[in-house]
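Report on one structure; see the data block that follows.
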Amino acid sequence: MSLVSSLKHSIFVRIYAGLLIVCLCVALFAQLLMDTINKERVQSYRENMATGAFHIVSEGLAHQENEAQRDYWLSDASSLFGSEFKIVSIDEVDFNASELRRFEKENTVVRYISQLTTADVYYRLPDNQGVLTARISQVTEQQVRAIAVFLLDDLSYYITLSDKRARLAQLEEKFSFPLAFKAVAALNLDPDQMARLRRDEVVILLQDTNTSKSNSSIKVIVPSEISDMAILIGPVPLFNWFPLNLIVSMILISMFLISLGVYALIFPLERKLQLIQVGVNEVSKGNLESQVQVIGQDEIARLAATFNAMTSHIKRLIESQRELTRAVSHELRTPVARIRFAVDMLADTDDEDSRFMQRDFIDEDIEALNGLIDEILTYAKLEEGSPKLDLEPVNLRELLEQIERETNALGKPIKIVTKLPNAKVEAIADRRYLHRVIQNLAGNALRYAETTIIISAGVKKGNAFVSVEDDGHGIPEADREKVFIPFSRLDDSRTRASGGYGLGLSIVSRIAFWFNGGMKVDESRDLGGARFVMTWPIKPLTQILAADELTQDKSEREFDA
């Protein structure tokens, strides 16, 4: 079975495939969301880190008295920083509205160029016209030391410790990490670090996540002009691509999306089962008219269709049982009354001939009762469950010849015409039941024919058929469906002259059903009376359906013989 067919007819395959698709979609969505969030985070991190550095460079420019000093200081700062600082007009760069709003908040604008793995950093100078810019490929130790030098240069314009502290507090507002004066003794430096600090060198300390619950960070210790005091920059957090809170958030979002996907897959199944449950509740209350809506073509849909067929079958069985009970009581009443009358006659007469005559009447009535019981048992067996069919190739010519001999043996003054098929024509069927079909149809035709009946069989368009026609009065089109109802007689007569019990055609109809075939009655083109035709597939039946509704449409199809 193809994948498309499996998805169409198997709800479990759909659920498994749907779960796989949901997981893949959620994984892709989580990856895209993670990338988008990290891009925003890293962009914000770059801008926050750059703001303090470029602000302090712009402050250094502001301390210069003339243009020449500004150019010299900027050139010196570029050499120290490792990247060239330039001042351009704000009109030379096409800034968007979001970037202009960042300038208004005195923040930097960072444009990352992924192809070059570099970033262009822009910071608007206090004159609101010039923009300080530099292209940075990566953050290095040289740049960290340069920022420390820029910081010392800015603090050199303030004499006292309190002034320096106040200025450092102002600058801290532009940095995304702390800036503070600390006593050297309180910094817990090792001898090598202390020696470097005495040599006025900048000391950089790395704090790794292995030794702290927080993210990795660095601390920069800058020697100051004040004895036994140093400037502590940081801790400066290093960028963490996958922080715990982001991972937890993505897991929760993914679980929520998977839950929604699973619910979307399970909800149709739940709805279908609820509809079936409603139908079961209605049937349990005795409402056999209840029908479950059939949605789709999967297992649940087939279960709903089978449930509907089952309720219809049960309803029909109950109605049939009631009809059988009423009809049997009616059918038994007449022969039983005749037997009672004959017994009374036997008791009241001494005439030997009369006694023999009454005995013969009793035998006839008992035989009639046996025939009725046999018909009832046969119909009940076909009606209530799937009969065991011994399917085998049946030679239709031999079967018709047998029916012709048996019908002629009845001695009826009716001409039997058989249209025999080719000697090699065969059909797969249960021979016993097929014999019963033709026998019942022939017996029915004998009761109503005036001079002739025609029996034929054959194969046409992949279907086998048997046909019995008579030259009687025929059956009105409006009454043709009624003849298959148990114990029905169109003329309401149940006399010995017409014979039968109204079960023969019902039995034929049920056999046609179990053959997975159809039964129809119409007008004989040759004789003008009724024509009964049963058709069924000539190929072996692969399954026997146990519910009427699933094959009701097939039972009602008409075939031209």
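If you're wondering about the labels, chains in the structure tokens are A, B, ... by order shown, residues count from 1 in each chain, ligands from 1 in order shown.
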
Point to revise | 7 Å contact set for Ala429 in chain A, only C-alpha atoms, chain neighbours under 6 positions out, as a VMD selection string | key: chain A and resid 391 to 394

Practice item. Would you kindly return, as a ChimeraX atom specification, each protein, DNA or RNA residue with an atom no farther than 6 Å from any atom of Val466 in chain A, considering only C-alpha atoms and excluding same-chain residues fewer than 3 positions away? Key: /A:456-457,533-534

How about saving the chosen residues, N, CA and C atoms kept, as a tab-separated table (two decimals), in the first residue's frame?
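Okay, part29.tsv is ready:
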```tsv
chain	number	residue	atom	x	y	z
A	456	SER	N	-32.88	-19.52	-17.66
A	456	SER	CA	-31.61	-19.30	-18.36
A	456	SER	C	-30.53	-18.92	-17.36
A	457	ALA	N	-29.30	-19.05	-17.80
A	457	ALA	CA	-28.14	-18.71	-16.97
A	457	ALA	C	-26.97	-18.42	-17.89
A	533	VAL	N	-34.24	-12.00	-11.94
A	533	VAL	CA	-32.84	-12.15	-12.32
A	533	VAL	C	-31.96	-11.95	-11.09
A	534	MET	N	-31.09	-12.94	-10.84
A	534	MET	CA	-30.08	-12.79	-9.79
A	534	MET	C	-28.71	-12.71	-10.45
```

Practice item. Enumerate, as a PyMOL selection string, the complete set of residues in range 334-546 of chain A that a backbone-based DSSP assignment places in alpha helix (DSSP H). Key: chain A and resi 334-348+352-384+396-408+431-448+504-514

Exercise for review: Considering only C-alpha atoms, state which residue in the set A:Pro537, A:Gly60, A:Gly443, A:Pro335 is at the smallest distance from Ala427 in chain A.
Suggested key: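 Ranked by minimum distance to Ala427 in chain A, first place goes to A:Pro537.
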
Practice item. List every residue of range 149-371 of chain A that DSSP, applied to the backbone of this structure, places in strand (DSSP E), and write the result as a ChimeraX atom specification. Key: /A:179-183,203-207,217-223,229-237

Deliver the residues from the most recent selection as a file, using N, CA and C atoms, as a CSV table (one decimal), in the first residue's frame.
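Full text of result_39.csv as output:
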```csv
chain,number,residue,atom,x,y,z
A,179,LEU,N,31.9,50.3,37.0
A,179,LEU,CA,33.2,51.0,37.1
A,179,LEU,C,33.3,51.5,38.5
A,180,ALA,N,34.5,51.2,39.2
A,180,ALA,CA,34.6,51.7,40.6
A,180,ALA,C,36.1,51.7,41.0
A,181,PHE,N,36.3,52.6,41.9
A,181,PHE,CA,37.6,52.6,42.6
A,181,PHE,C,37.6,51.6,43.7
A,182,LYS,N,38.7,50.8,43.7
A,182,LYS,CA,38.9,49.7,44.7
A,182,LYS,C,40.3,49.8,45.3
A,183,ALA,N,40.3,49.4,46.6
A,183,ALA,CA,41.6,49.3,47.2
A,183,ALA,C,42.3,48.1,46.7
A,203,VAL,N,45.8,44.9,34.2
A,203,VAL,CA,45.6,43.5,34.6
A,203,VAL,C,44.2,43.0,34.1
A,204,ILE,N,44.2,42.0,33.3
A,204,ILE,CA,42.9,41.4,32.9
A,204,ILE,C,42.7,40.0,33.5
A,205,LEU,N,41.6,39.9,34.2
A,205,LEU,CA,41.3,38.6,34.9
A,205,LEU,C,40.1,37.9,34.2
A,206,LEU,N,40.2,36.7,33.9
A,206,LEU,CA,39.1,35.9,33.3
A,206,LEU,C,38.4,35.1,34.3
A,207,GLN,N,37.2,35.2,34.4
A,207,GLN,CA,36.4,34.4,35.4
A,207,GLN,C,35.5,33.4,34.6
A,217,SER,N,33.1,35.9,32.4
A,217,SER,CA,33.3,37.3,32.4
A,217,SER,C,34.7,37.7,32.6
A,218,ILE,N,35.1,38.9,32.3
A,218,ILE,CA,36.4,39.4,32.6
A,218,ILE,C,36.4,40.6,33.5
A,219,LYS,N,37.5,40.8,34.2
A,219,LYS,CA,37.6,42.0,35.1
A,219,LYS,C,38.9,42.7,34.6
A,220,VAL,N,38.8,44.0,34.5
A,220,VAL,CA,40.0,44.7,34.1
A,220,VAL,C,40.4,45.7,35.3
A,221,ILE,N,41.6,45.5,35.7
A,221,ILE,CA,42.1,46.3,36.9
A,221,ILE,C,43.1,47.3,36.3
A,222,VAL,N,42.8,48.6,36.5
A,222,VAL,CA,43.6,49.7,35.9
A,222,VAL,C,44.3,50.4,37.0
A,223,PRO,N,45.6,50.6,36.9
A,223,PRO,CA,46.3,51.4,38.0
A,223,PRO,C,45.9,52.8,37.9
A,229,MET,N,45.2,52.5,45.2
A,229,MET,CA,43.8,52.5,44.7
A,229,MET,C,43.9,52.1,43.2
A,230,ALA,N,43.0,51.3,42.7
A,230,ALA,CA,42.9,50.9,41.3
A,230,ALA,C,41.5,51.0,40.8
A,231,ILE,N,41.3,51.1,39.5
A,231,ILE,CA,40.0,51.2,39.0
A,231,ILE,C,39.6,49.8,38.5
A,232,LEU,N,38.5,49.3,39.0
A,232,LEU,CA,38.0,48.0,38.6
A,232,LEU,C,36.9,48.1,37.6
A,233,ILE,N,37.2,47.6,36.4
A,233,ILE,CA,36.2,47.6,35.3
A,233,ILE,C,35.6,46.2,35.2
A,234,GLY,N,34.3,46.2,35.4
A,234,GLY,CA,33.7,44.9,35.3
A,234,GLY,C,33.1,44.4,36.6
A,235,PRO,N,32.7,43.1,36.7
A,235,PRO,CA,32.9,42.1,35.7
A,235,PRO,C,32.2,42.4,34.3
A,236,VAL,N,32.9,42.2,33.2
A,236,VAL,CA,32.3,42.4,31.9
A,236,VAL,C,31.8,41.0,31.4
A,237,PRO,N,30.5,40.8,31.3
A,237,PRO,CA,30.1,39.5,30.9
A,237,PRO,C,30.4,39.2,29.4
```

Exercise for review: Can you pull out every residue within 12 Å of range 450-453 of chain A, counting only C-alpha atoms, but drop anything in the same chain fewer than 4 positions away, and send it as a PyMOL selection string?
Suggested key: chain A and resi 404+407-408+412-419+441-446+467-474+524+526-532

Point to revise | CA of Leu410 in chain A to CA of Gly371 in chain A, straight-line distance in Å | key: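 About the pair CA of Gly371 in chain A and CA of Leu410 in chain A: they are 16.1 Å apart.
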
Exercise for review: With a distance cut-off of 7 Å and only C-alpha atoms, select the neighbouring residues of Ile87 in chain A, excluding the residue or stretch itself and same-chain residues fewer than 4 positions from it, and output the selection as a VMD selection string.
Suggested key: chain A and resid 130 to 133

Practice item. For range 151-162 of chain A, work out the shell of residues within 7 Å, counting only C-alpha atoms and skipping chain neighbours fewer than 3 positions away, then give it as a VMD selection string. Key: chain A and resid 56 60 147 to 148 165 to 166

Check your understanding: Of the residues A:Arg333, A:Lys272, A:Arg338, A:Lys315, which is the one nearest to Leu303 in chain A, using only C-alpha atoms?
Key -> A:Lys272

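CA of Ala368 in chain A is positioned 24.3 Å from CA of Glu352 in chain A.
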
Exercise for review: Identify, on the basis of only C-alpha atoms, every residue whose closest approach to Ile475 in chain A does not exceed 9 Å; exclude the query and any residue fewer than 5 positions from it along the same chain; express the result as a list in words.
Suggested key: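 After dropping sequence-adjacent residues, the list is Arg480, Val483, Leu490, Val521, Asp522, Glu523, Gly529 and Ala530 of chain A.
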
Residues from the last selection, C-alpha atoms, saved as a PDB file, in the first residue's frame:
```pdb
ATOM      1  CA  ARG A 480     -41.801  -5.287  -7.342  1.00  0.00           C
ATOM      2  CA  VAL A 483     -42.286  -9.480  -3.324  1.00  0.00           C
ATOM      3  CA  LEU A 490     -49.518  -9.262  -3.391  1.00  0.00           C
ATOM      4  CA  VAL A 521     -37.661  -8.297 -10.944  1.00  0.00           C
ATOM      5  CA  ASP A 522     -38.983  -6.746 -14.142  1.00  0.00           C
ATOM      6  CA  GLU A 523     -41.098  -7.657 -17.167  1.00  0.00           C
ATOM      7  CA  GLY A 529     -44.981 -11.877 -17.475  1.00  0.00           C
ATOM      8  CA  ALA A 530     -42.514 -11.463 -14.606  1.00  0.00           C
TER       9      ALA A 530
END
```
